[in-house]
>>> print(open('query-v9.txt').read())   # compact mmCIF, C-alpha atoms
# COMPACT_ATOMS: atom_id res chain seq x y z
CA MET A 1 166.83 -2.24 120.73
CA PRO A 2 168.19 -5.35 122.55
CA SER A 3 171.57 -4.49 124.10
CA ASP A 4 173.03 -7.97 123.54
CA ILE A 5 173.05 -7.58 119.75
CA LYS A 6 176.34 -6.08 118.57
CA ASP A 7 176.67 -3.87 115.53
CA ILE A 8 178.72 -6.53 113.76
CA ASP A 9 175.83 -8.99 114.23
CA LYS A 10 173.41 -6.47 112.76
CA SER A 11 175.73 -5.90 109.79
CA ASN A 12 176.02 -9.66 109.28
CA ALA A 13 172.22 -9.94 109.35
CA LEU A 14 171.98 -7.30 106.62
CA GLU A 15 174.63 -9.03 104.51
CA ALA A 16 172.88 -12.40 104.85
CA VAL A 17 169.60 -10.96 103.60
CA CYS A 18 170.99 -9.04 100.63
CA LYS A 19 173.24 -11.92 99.52
CA SER A 20 170.37 -14.42 99.62
CA GLU A 21 168.89 -15.79 96.41
CA LEU A 22 165.54 -14.22 97.27
CA PHE A 23 166.97 -10.69 97.52
CA SER A 24 169.72 -11.02 94.91
CA HIS A 25 167.55 -9.45 92.20
CA LEU A 26 165.71 -6.98 94.44
CA ASP A 27 168.16 -4.10 94.04
CA ARG A 28 165.78 -1.37 95.17
CA LEU A 29 164.71 -3.24 98.30
CA CYS A 30 168.32 -4.01 99.22
CA ALA A 31 169.25 -0.35 98.77
CA PHE A 32 166.30 0.57 100.99
CA LEU A 33 167.30 -1.97 103.65
CA LYS A 34 170.99 -1.04 103.57
CA TYR A 35 170.13 2.62 104.00
CA ILE A 36 167.90 2.22 107.05
CA VAL A 37 170.26 -0.28 108.72
CA THR A 38 173.26 1.99 108.10
CA GLU A 39 171.37 4.97 109.52
CA GLU A 40 170.51 2.89 112.58
CA LEU A 41 174.11 1.76 113.09
CA GLU A 42 175.28 5.37 112.73
CA GLY A 43 172.91 6.43 115.51
CA ARG A 44 170.43 8.22 113.27
CA GLY A 45 167.62 5.66 113.42
CA GLU A 46 165.15 8.09 114.99
CA LEU A 47 165.63 10.49 112.07
CA ILE A 48 164.63 7.98 109.34
CA MET A 49 161.59 9.29 107.48
CA GLY A 50 159.93 8.66 104.16
CA LYS A 51 161.20 11.88 102.63
CA THR A 52 164.81 11.15 103.64
CA ILE A 53 164.59 7.69 102.08
CA ALA A 54 163.10 9.17 98.90
CA GLN A 55 165.92 11.69 98.71
CA ASP A 56 168.90 9.56 99.76
CA VAL A 57 167.92 6.19 98.24
CA TYR A 58 165.82 7.12 95.21
CA ASP A 59 167.28 10.57 94.54
CA ARG A 60 163.79 12.06 94.57
CA ASP A 61 163.08 15.71 95.29
CA PRO A 62 161.81 15.83 98.92
CA THR A 63 159.38 18.60 97.97
CA GLU A 64 157.49 16.14 95.74
CA GLU A 65 155.52 14.79 98.66
CA GLY A 66 152.83 12.63 97.04
CA ASP A 67 154.72 10.62 94.44
CA ALA A 68 157.94 10.15 96.44
CA ASN A 69 156.16 9.11 99.63
CA ASN A 70 153.94 6.66 97.75
CA VAL A 71 157.00 4.93 96.28
CA VAL A 72 158.59 4.65 99.73
CA ARG A 73 155.40 3.27 101.30
CA VAL A 74 154.97 0.66 98.56
CA ASP A 75 158.60 -0.46 98.82
CA ALA A 76 158.43 -0.59 102.63
CA ARG A 77 155.43 -2.91 102.38
CA ARG A 78 157.27 -5.07 99.86
CA LEU A 79 160.36 -5.13 102.08
CA ARG A 80 158.33 -6.33 105.06
CA GLN A 81 156.72 -9.08 102.98
CA ASN A 82 160.01 -10.27 101.50
CA LEU A 83 161.80 -10.22 104.85
CA GLU A 84 159.02 -12.36 106.31
CA HIS A 85 159.32 -14.78 103.41
CA TYR A 86 163.13 -14.88 103.70
CA TYR A 87 163.04 -15.74 107.40
CA ASP A 88 160.38 -18.37 106.77
CA THR A 89 162.60 -20.07 104.18
CA ALA A 90 166.29 -19.52 103.51
CA GLY A 91 166.87 -17.42 106.62
CA THR A 92 165.33 -19.72 109.21
CA ALA A 93 168.75 -20.37 110.81
CA ASP A 94 169.88 -16.72 110.88
CA PRO A 95 170.70 -15.87 114.52
CA VAL A 96 169.71 -12.19 114.14
CA ARG A 97 166.67 -11.04 112.22
CA ILE A 98 165.74 -7.61 110.86
CA PHE A 99 162.22 -6.24 111.14
CA VAL A 100 160.67 -3.05 109.78
CA ASP A 101 157.48 -2.57 111.76
CA THR A 102 154.35 -1.15 110.14
CA GLY A 103 153.95 2.56 110.65
CA GLY A 104 157.62 3.48 110.36
CA TYR A 105 160.90 2.75 108.60
CA ARG A 106 163.34 2.29 111.51
CA PRO A 107 164.76 -1.24 111.57
CA ARG A 108 164.42 -3.48 114.61
CA PHE A 109 166.71 -6.44 115.37
CA GLU A 110 165.92 -9.63 117.26
CA ARG A 111 168.12 -12.53 118.27
CA VAL A 112 166.40 -15.83 117.48
CA GLU A 113 167.23 -19.24 118.84
CA VAL A 114 166.31 -21.76 116.15
CA ALA A 115 166.17 -25.44 116.99
CA ALA A 116 166.71 -27.78 114.05
CA SER A 117 163.66 -29.89 113.33
CA GLY A 118 162.03 -31.82 110.57
CA HIS A 119 159.33 -29.17 110.41
CA GLU A 120 161.81 -26.34 109.86
CA SER A 121 163.71 -28.39 107.29
CA SER A 122 160.48 -29.06 105.47
CA ARG A 123 159.54 -25.38 105.46
CA ARG A 124 162.97 -24.43 104.19
CA ALA A 125 162.80 -27.03 101.43
CA PHE A 126 159.38 -25.73 100.44
CA GLY A 127 160.71 -22.17 100.38
CA TRP A 128 163.63 -23.08 98.13
CA ALA A 129 161.26 -25.00 95.88
CA ALA A 130 159.02 -21.94 95.65
CA MET A 131 161.96 -19.71 94.79
CA SER A 132 163.13 -22.20 92.18
CA PHE A 133 159.66 -22.15 90.70
CA VAL A 134 159.72 -18.34 90.52
CA THR A 135 163.19 -18.39 88.96
CA GLY A 136 162.21 -21.11 86.50
CA THR A 137 159.10 -19.22 85.48
CA ALA A 138 161.11 -16.06 84.91
CA ILE A 139 163.53 -18.01 82.73
CA GLY A 140 160.57 -19.52 80.91
CA ILE A 141 159.20 -16.06 80.23
CA ALA A 142 162.52 -14.97 78.77
CA VAL A 143 162.83 -18.09 76.63
CA ALA A 144 159.26 -17.74 75.42
CA SER A 145 159.90 -14.14 74.48
CA ILE A 146 163.01 -15.05 72.48
CA THR A 147 161.26 -17.99 70.83
CA ILE A 148 158.23 -16.01 69.78
CA GLU A 149 160.21 -13.03 68.51
CA ASN A 150 163.01 -14.88 66.75
CA ASN A 151 161.53 -18.22 65.75
CA PRO A 152 157.75 -18.04 65.38
CA SER A 153 156.07 -21.38 64.72
CA ASP A 154 154.06 -19.79 61.94
CA PRO A 155 156.10 -17.12 60.13
CA GLY A 156 152.97 -15.93 58.40
CA GLN A 157 151.58 -14.78 61.75
CA THR A 158 154.59 -12.71 62.77
CA ARG A 159 152.97 -9.43 61.81
CA ALA A 160 149.72 -10.33 63.55
CA GLU A 161 151.54 -11.27 66.74
CA PHE A 162 153.86 -8.24 66.73
CA PRO A 163 152.24 -5.40 64.75
CA ILE A 164 154.28 -2.45 63.58
CA GLN A 165 153.05 -0.39 66.56
CA ASP A 166 154.77 -2.83 68.95
CA THR A 167 158.01 -2.59 66.98
CA LEU A 168 157.91 1.20 67.06
CA LYS A 169 157.22 1.19 70.78
CA ARG A 170 160.23 -1.05 71.41
CA GLN A 171 162.43 1.18 69.26
CA ALA A 172 161.33 4.23 71.24
CA VAL A 173 161.83 2.53 74.61
CA ILE A 174 165.29 1.13 73.87
CA GLU A 175 166.40 4.65 72.95
CA GLN A 176 165.63 5.50 76.58
CA SER A 177 167.47 2.53 78.13
CA ALA A 178 168.00 -1.20 77.71
CA SER A 179 166.57 -1.88 81.17
CA SER A 180 163.37 -0.05 80.21
CA LEU A 181 162.97 -2.32 77.20
CA GLN A 182 163.64 -5.34 79.42
CA ALA A 183 160.94 -4.11 81.77
CA MET A 184 158.49 -3.68 78.91
CA ASN A 185 159.19 -7.14 77.49
CA LEU A 186 158.84 -8.80 80.88
CA ALA A 187 155.60 -6.94 81.58
CA ASN A 188 154.09 -7.99 78.26
CA GLN A 189 154.93 -11.62 78.99
CA ALA A 190 153.62 -11.42 82.55
CA ARG A 191 150.25 -10.12 81.34
CA SER A 192 149.58 -13.50 79.73
CA MET A 193 150.03 -15.19 83.13
CA MET A 194 147.17 -13.28 84.81
CA PHE A 195 144.43 -15.85 84.22
CA PRO A 196 142.95 -17.89 85.80
CA ILE A 197 142.34 -15.33 88.51
CA PHE A 198 141.17 -17.97 91.01
CA ASP A 199 144.70 -19.37 91.42
CA ALA A 200 146.19 -17.51 94.42
CA PRO A 201 149.79 -18.85 94.08
CA ARG A 202 149.74 -17.77 90.42
CA GLN A 203 148.66 -14.26 91.42
CA GLN A 204 151.41 -14.05 94.04
CA LEU A 205 153.95 -15.06 91.40
CA VAL A 206 152.59 -12.57 88.86
CA ALA A 207 152.69 -9.79 91.46
CA GLU A 208 156.37 -10.54 92.12
CA VAL A 209 157.15 -10.54 88.40
CA PHE A 210 155.56 -7.10 88.05
CA ARG A 211 157.50 -5.87 91.07
CA ARG A 212 160.62 -6.91 89.21
CA VAL A 213 159.33 -4.94 86.22
CA ILE A 214 159.02 -1.88 88.48
CA GLU A 215 162.61 -2.33 89.61
CA LEU A 216 163.83 -2.54 86.03
CA GLY A 217 161.74 0.40 84.84
CA PRO A 218 160.47 2.55 87.74
CA ASP A 219 159.06 5.09 85.28
CA TYR A 220 157.27 2.50 83.12
CA HIS A 221 153.53 2.45 83.81
CA GLY A 222 153.05 -1.20 82.83
CA GLY A 223 154.79 -2.54 85.94
CA TYR A 224 152.40 -0.67 88.21
CA ALA A 225 149.33 -1.51 86.11
CA GLY A 226 150.15 -5.23 86.12
CA ALA A 227 150.93 -5.23 89.84
CA ALA A 228 147.62 -3.48 90.53
CA GLN A 229 145.72 -6.17 88.65
CA ALA A 230 147.52 -9.07 90.35
CA LEU A 231 147.07 -7.50 93.80
CA GLY A 232 143.41 -6.89 92.96
CA ASN A 233 143.07 -10.60 92.14
CA LEU A 234 144.65 -11.54 95.47
CA ALA A 235 142.29 -9.18 97.27
CA ILE A 236 139.30 -10.81 95.57
CA LEU A 237 140.49 -14.22 96.75
CA THR A 238 141.17 -13.07 100.34
CA PRO A 239 138.41 -13.15 103.00
CA PRO A 240 137.35 -9.78 104.50
CA GLY A 241 139.80 -8.49 107.08
CA PRO A 242 143.06 -6.57 107.51
CA LYS A 243 144.96 -8.66 104.93
CA LYS A 244 142.34 -8.03 102.25
CA ASN A 245 142.32 -4.31 103.08
CA ALA A 246 146.12 -4.13 102.84
CA LEU A 247 146.06 -5.80 99.42
CA LEU A 248 143.40 -3.38 98.20
CA ASP A 249 145.36 -0.40 99.52
CA GLU A 250 148.50 -1.53 97.71
CA ALA A 251 146.52 -2.23 94.54
CA VAL A 252 145.08 1.29 94.65
CA THR A 253 148.56 2.76 95.13
CA MET A 254 149.90 0.81 92.15
CA ALA A 255 146.94 1.72 89.92
CA ASP A 256 147.22 5.41 90.86
CA GLN A 257 150.93 5.39 90.01
CA ALA A 258 150.21 3.76 86.61
CA ARG A 259 147.61 6.43 85.91
CA ARG A 260 149.98 9.24 86.95
CA LEU A 261 152.68 7.94 84.61
CA ALA A 262 150.32 7.32 81.67
CA PRO A 263 146.89 8.87 82.30
CA THR A 264 145.43 8.00 78.88
CA ASP A 265 147.01 4.56 78.43
CA PRO A 266 144.38 1.79 78.07
CA TRP A 267 146.31 -0.61 80.33
CA ALA A 268 146.52 2.00 83.08
CA GLN A 269 142.78 2.63 82.69
CA SER A 270 142.03 -1.10 82.68
CA ALA A 271 144.05 -1.60 85.88
CA GLN A 272 142.16 1.25 87.53
CA ALA A 273 138.88 -0.41 86.55
CA TRP A 274 139.97 -3.80 87.89
CA VAL A 275 140.96 -2.36 91.28
CA LYS A 276 137.56 -0.66 91.48
CA PHE A 277 135.98 -4.01 90.68
CA ALA A 278 138.05 -5.78 93.35
CA ASN A 279 136.66 -3.25 95.81
CA ARG A 280 133.16 -4.14 94.56
CA GLU A 281 132.61 -0.71 93.00
CA PHE A 282 130.88 -2.38 90.07
CA ASP A 283 129.36 0.61 88.30
CA GLU A 284 132.54 2.67 88.45
CA ALA A 285 134.56 -0.34 87.29
CA MET A 286 132.28 -0.75 84.26
CA ARG A 287 132.51 2.93 83.42
CA ILE A 288 136.31 3.03 83.44
CA SER A 289 136.66 -0.38 81.78
CA THR A 290 134.33 0.64 78.97
CA ARG A 291 136.58 3.64 78.34
CA ALA A 292 139.68 1.42 78.30
CA ALA A 293 138.06 -1.00 75.83
CA THR A 294 137.04 1.92 73.62
CA LEU A 295 140.61 3.27 73.67
CA ALA A 296 142.03 -0.16 72.79
CA PRO A 297 139.40 -2.14 70.85
CA ASP A 298 142.00 -4.64 69.59
CA ASP A 299 143.88 -5.25 72.84
CA GLU A 300 142.88 -8.73 73.99
CA HIS A 301 144.25 -8.12 77.49
CA VAL A 302 142.08 -5.05 77.97
CA LEU A 303 139.11 -6.87 76.45
CA ASP A 304 139.64 -9.82 78.83
CA ILE A 305 139.49 -7.49 81.82
CA HIS A 306 136.46 -5.68 80.42
CA GLY A 307 134.71 -8.97 79.66
CA SER A 308 135.44 -10.22 83.18
CA ILE A 309 134.09 -7.08 84.82
CA ALA A 310 130.98 -7.21 82.64
CA LEU A 311 130.48 -10.93 83.35
CA PHE A 312 130.79 -10.71 87.12
CA SER A 313 128.76 -7.49 87.24
CA GLY A 314 125.87 -9.23 85.48
CA HIS A 315 126.16 -7.56 82.05
CA PHE A 316 126.25 -10.87 80.21
CA ALA A 317 125.52 -9.60 76.68
CA GLU A 318 128.35 -7.05 77.01
CA ALA A 319 130.67 -9.75 78.38
CA ALA A 320 129.90 -12.03 75.43
CA SER A 321 130.38 -9.18 72.96
CA SER A 322 133.74 -8.17 74.45
CA ALA A 323 134.91 -11.78 74.52
CA ALA A 324 133.86 -12.29 70.90
CA LYS A 325 135.96 -9.28 69.84
CA ALA A 326 138.96 -10.71 71.67
CA MET A 327 138.39 -14.17 70.18
CA ASN A 328 138.65 -12.65 66.72
CA GLY A 329 141.89 -10.84 67.57
CA GLY A 330 144.03 -13.39 65.77
CA ARG A 331 146.69 -14.06 68.42
CA SER A 332 146.40 -17.78 69.16
CA ASN A 333 149.72 -18.39 70.91
CA GLN A 334 148.76 -16.36 74.00
CA ARG A 335 146.73 -17.63 76.95
CA PHE A 336 143.70 -15.35 76.92
CA ALA A 337 140.52 -15.80 78.94
CA ASN A 338 138.07 -14.68 76.25
CA ARG A 339 136.72 -18.15 75.40
CA ASN A 340 136.09 -18.90 79.07
CA ILE A 341 134.40 -15.52 79.48
CA PHE A 342 132.24 -16.17 76.42
CA GLY A 343 131.36 -19.62 77.76
CA ALA A 344 130.30 -18.31 81.17
CA ALA A 345 128.35 -15.39 79.67
CA SER A 346 126.59 -17.74 77.24
CA PHE A 347 125.56 -19.95 80.16
CA HIS A 348 123.87 -17.02 81.91
CA LEU A 349 122.23 -16.06 78.61
CA GLU A 350 120.91 -19.67 78.53
CA ASN A 351 122.86 -20.48 75.37
CA TYR A 352 124.12 -23.74 76.85
CA GLU A 353 125.37 -25.31 73.62
CA LYS A 354 127.39 -22.19 72.81
CA SER A 355 128.71 -22.24 76.34
CA LEU A 356 130.00 -25.80 76.03
CA ASP A 357 131.46 -25.16 72.57
CA SER A 358 133.38 -22.16 73.89
CA PHE A 359 134.80 -24.01 76.88
CA SER A 360 135.78 -26.88 74.58
CA ALA A 361 137.59 -24.45 72.27
CA ALA A 362 139.35 -22.93 75.28
CA ALA A 363 140.74 -26.34 76.20
CA GLU A 364 141.89 -26.96 72.63
CA TYR A 365 143.72 -23.61 72.47
CA GLY A 366 145.42 -24.17 75.83
CA ASP A 367 143.57 -21.29 77.49
CA PRO A 368 143.52 -21.03 81.30
CA ILE A 369 141.39 -23.58 83.12
CA SER A 370 140.05 -23.46 86.65
CA ALA A 371 137.54 -25.10 88.97
CA PRO A 372 134.86 -22.50 88.07
CA SER A 373 135.27 -23.19 84.33
CA PHE A 374 134.63 -26.88 84.99
CA ALA A 375 131.67 -25.96 87.21
CA TYR A 376 130.14 -23.99 84.34
CA GLN A 377 130.56 -26.94 81.98
CA THR A 378 128.99 -29.24 84.55
CA ALA A 379 126.06 -26.86 85.00
CA ALA A 380 125.56 -26.39 81.24
CA LEU A 381 125.50 -30.14 80.66
CA ASN A 382 123.02 -30.56 83.48
CA GLU A 383 120.78 -27.80 82.11
CA LEU A 384 120.73 -29.65 78.76
CA GLY A 385 119.63 -32.83 80.51
CA ASN A 386 122.91 -34.65 79.88
CA THR A 387 123.23 -35.73 83.49
CA LYS A 388 125.64 -38.60 82.79
CA GLU A 389 128.18 -36.33 81.10
CA ALA A 390 127.57 -33.66 83.74
CA ALA A 391 128.40 -36.18 86.46
CA ARG A 392 131.58 -37.15 84.62
CA LYS A 393 132.64 -33.52 84.30
CA TYR A 394 131.85 -32.91 87.96
CA ALA A 395 133.93 -35.93 88.98
CA GLU A 396 136.82 -34.50 86.96
CA LEU A 397 136.39 -31.18 88.75
CA ARG A 398 136.53 -32.79 92.20
CA LYS A 399 139.55 -34.89 91.23
CA SER A 400 141.53 -31.95 89.83
CA TRP A 401 140.54 -29.44 92.53
CA PRO A 402 139.59 -31.52 95.59
CA ASP A 403 139.73 -28.55 97.97
CA ALA A 404 138.07 -25.98 95.72
CA ASP A 405 134.93 -24.34 97.12
CA VAL A 406 133.45 -23.17 93.82
CA GLY A 407 130.43 -21.60 95.46
CA LYS A 408 132.65 -19.49 97.69
CA MET A 409 134.89 -18.52 94.76
CA LEU A 410 131.97 -17.31 92.67
CA ALA A 411 130.21 -15.62 95.57
CA GLY A 412 133.37 -13.61 96.24
CA ILE A 413 133.43 -12.14 92.74
CA PHE A 414 129.84 -11.93 91.43
CA ARG A 415 127.72 -8.89 92.14
CA ASP A 416 124.40 -10.75 92.26
CA PRO A 417 124.19 -13.94 94.38
CA SER A 418 121.36 -15.26 92.17
CA HIS A 419 123.84 -15.70 89.31
CA VAL A 420 126.00 -17.87 91.54
CA GLU A 421 122.96 -19.82 92.62
CA LYS A 422 122.12 -20.68 89.01
CA VAL A 423 125.43 -22.49 88.69
CA MET A 424 125.47 -24.06 92.14
CA ARG A 425 121.98 -25.54 92.07
CA ASN A 426 123.12 -27.72 89.16
CA ILE A 427 126.16 -28.80 91.18
CA ARG A 428 124.03 -29.60 94.20
CA SER A 429 121.68 -31.70 92.10
CA LEU A 430 124.63 -33.93 91.19
CA ASP A 431 125.71 -34.11 94.82
CA ASN A 432 122.22 -35.27 95.73
CA ASN A 433 122.05 -37.74 92.83
CA PRO A 434 125.62 -39.01 92.29
CA ASP A 435 124.45 -41.81 90.02
>>> encode(input="query-v9.txt", output="structure tokens")
Amino acid sequence: MPSDIKDIDKSNALEAVCKSELFSHLDRLCAFLKYIVTEELEGRGELIMGKTIAQDVYDRDPTEEGDANNVVRVDARRLRQNLEHYYDTAGTADPVRIFVDTGGYRPRFERVEVAASGHESSRRAFGWAAMSFVTGTAIGIAVASITIENNPSDPGQTRAEFPIQDTLKRQAVIEQSASSLQAMNLANQARSMMFPIFDAPRQQLVAEVFRRVIELGPDYHGGYAGAAQALGNLAILTPPGPKKNALLDEAVTMADQARRLAPTDPWAQSAQAWVKFANREFDEAMRISTRAATLAPDDEHVLDIHGSIALFSGHFAEAASSAAKAMNGGRSNQRFANRNIFGAASFHLENYEKSLDSFSAAAEYGDPISAPSFAYQTAALNELGNTKEAARKYAELRKSWPDADVGKMLAGIFRDPSHVEKVMRNIRSLDNNPD
């Protein structure tokens, strides 16, 4: 440890982090950080271990090796990520920074000389804007929840949107604790933010929302299941390398914890399937996802995941069937992906008119849109010989997503490259004949 950094400076560094807007709601991470910094200042830094953190911070039995250590490892990874983000944004001017190096839990302190510059100011402004966006989205989730529950636009649909099973679940959960119910409500809202999966900033936001769910209800499986799915999405979008491997490892940890807490729950099963899929274990993903869909045949979220796995694994008839079930689920005020899944599956089944109709319906219902969904519409129009409309749709795609590499996106998620090629050869034909 650098000898020129006094204990008071280290304490001030800790206080700056935990009082920041970024960390103000991360109670578990702040407790983690305060513990390891205090142990370091008290001269016990070399004795910090996962089991001592589990016992002293989380009040876990140190003899429960697997579960307790997994929680500590996951939170340590989150702490590193959030510290990095803090020092890249609000904490850029902090004179002393705290690091928790990979492979251990002992904190390390560095004195940093920061020169004011337009670049740093720009980065800080971007960071605050990002945090405002996260905060605003969280508020939006809460408002949406209140609006839907207390003032539905169509009172006749109240029962369809919130069946008696949901009411009974909430009654049971609130008997446990108010924070557990808050966690459940937030998780249910965050599930509707999962698609489109090709939007990396969206997936980062969703992952953070589910981490907040875990903080509110550490024993609620939904937080871990949702985090596993969002981290799986990020892994899919990340090129091969250490970062992708780290995301997959964390996704596996989250999915395993969801399964431990609720081994027969369809969402926990669905998350397990999606993580397998993100790791390109297509057959195992289909097996587990089929079980989840069988357990919850009316859960549109589970059906969306199952339809996605079937679609990208090349089981197009199964993808269309799963999407059709979800489309008939009756909940129209949620942003599901089923119409997009049905449209893509219909394209590969050479039902091009059905494909276009489904994508059109998705737009009308306000379902998620993405560059790949526009690519499918472009390709379907081109297959039908409507080259003028295909060119118009393709121009809209390039205008809305100028930097999107659709071929790369699809290649990173499809099992069979020939299925990607079927879409991309239509795109290339428009590139070669722009008029």
>>> atom_distance(input="query-v9.txt", atom1="CA of Glu215 in chain A", atom2="CA of Ala183 in chain A")
8.2 Å
>>> residues_around(input="query-v9.txt", residues="Cys18 in chain A", least_positions_apart="4", cutoff="10 Å", atoms="all atoms listed in the file", output="PDB file with C-alpha atoms, in the coordinates of the input")
ATOM      1  CA  ALA A  13     172.220  -9.940 109.350  1.00  0.00           C
ATOM      2  CA  LEU A  14     171.980  -7.300 106.620  1.00  0.00           C
ATOM      3  CA  LEU A  22     165.540 -14.220  97.270  1.00  0.00           C
ATOM      4  CA  PHE A  23     166.970 -10.690  97.520  1.00  0.00           C
ATOM      5  CA  SER A  24     169.720 -11.020  94.910  1.00  0.00           C
ATOM      6  CA  HIS A  25     167.550  -9.450  92.200  1.00  0.00           C
ATOM      7  CA  LEU A  26     165.710  -6.980  94.440  1.00  0.00           C
ATOM      8  CA  ASP A  27     168.160  -4.100  94.040  1.00  0.00           C
ATOM      9  CA  LEU A  29     164.710  -3.240  98.300  1.00  0.00           C
ATOM     10  CA  CYS A  30     168.320  -4.010  99.220  1.00  0.00           C
ATOM     11  CA  ALA A  31     169.250  -0.350  98.770  1.00  0.00           C
ATOM     12  CA  LEU A  33     167.300  -1.970 103.650  1.00  0.00           C
ATOM     13  CA  LYS A  34     170.990  -1.040 103.570  1.00  0.00           C
TER      14      LYS A  34
END
>>> residues_around(input="query-v9.txt", residues="Arg287 in chain A", least_positions_apart="5", cutoff="12 Å", atoms="all atoms listed in the file", output="ChimeraX atom specification")
/A:269-270,272-274,276-277,281-282,292-294,306,309-310,313
>>> closest_residue(input="query-v9.txt", among="A:Ile197, A:Ala90, A:Ile53, A:Ile236", to="Ala337 in chain A", atoms="all atoms listed in the file")
A:Ile197
>>> closest_residue(input="query-v9.txt", among="A:Arg28, A:Arg191, A:His348, A:Arg202", to="Ala271 in chain A", atoms="only C-alpha atoms")
A:Arg191
>>> closest_residue(input="query-v9.txt", among="A:Leu181, A:Ala326, A:Ala268, A:Val57", to="Asp75 in chain A", atoms="only C-alpha atoms")
A:Val57
>>> closest_residue(input="query-v9.txt", among="A:Ala411, A:Val74, A:Val96, A:Ala187", to="Asp7 in chain A", atoms="all atoms listed in the file")
A:Val96
>>> atom_distance(input="query-v9.txt", atom1="CA of Gln81 in chain A", atom2="CA of Asp405 in chain A")
27.2 Å
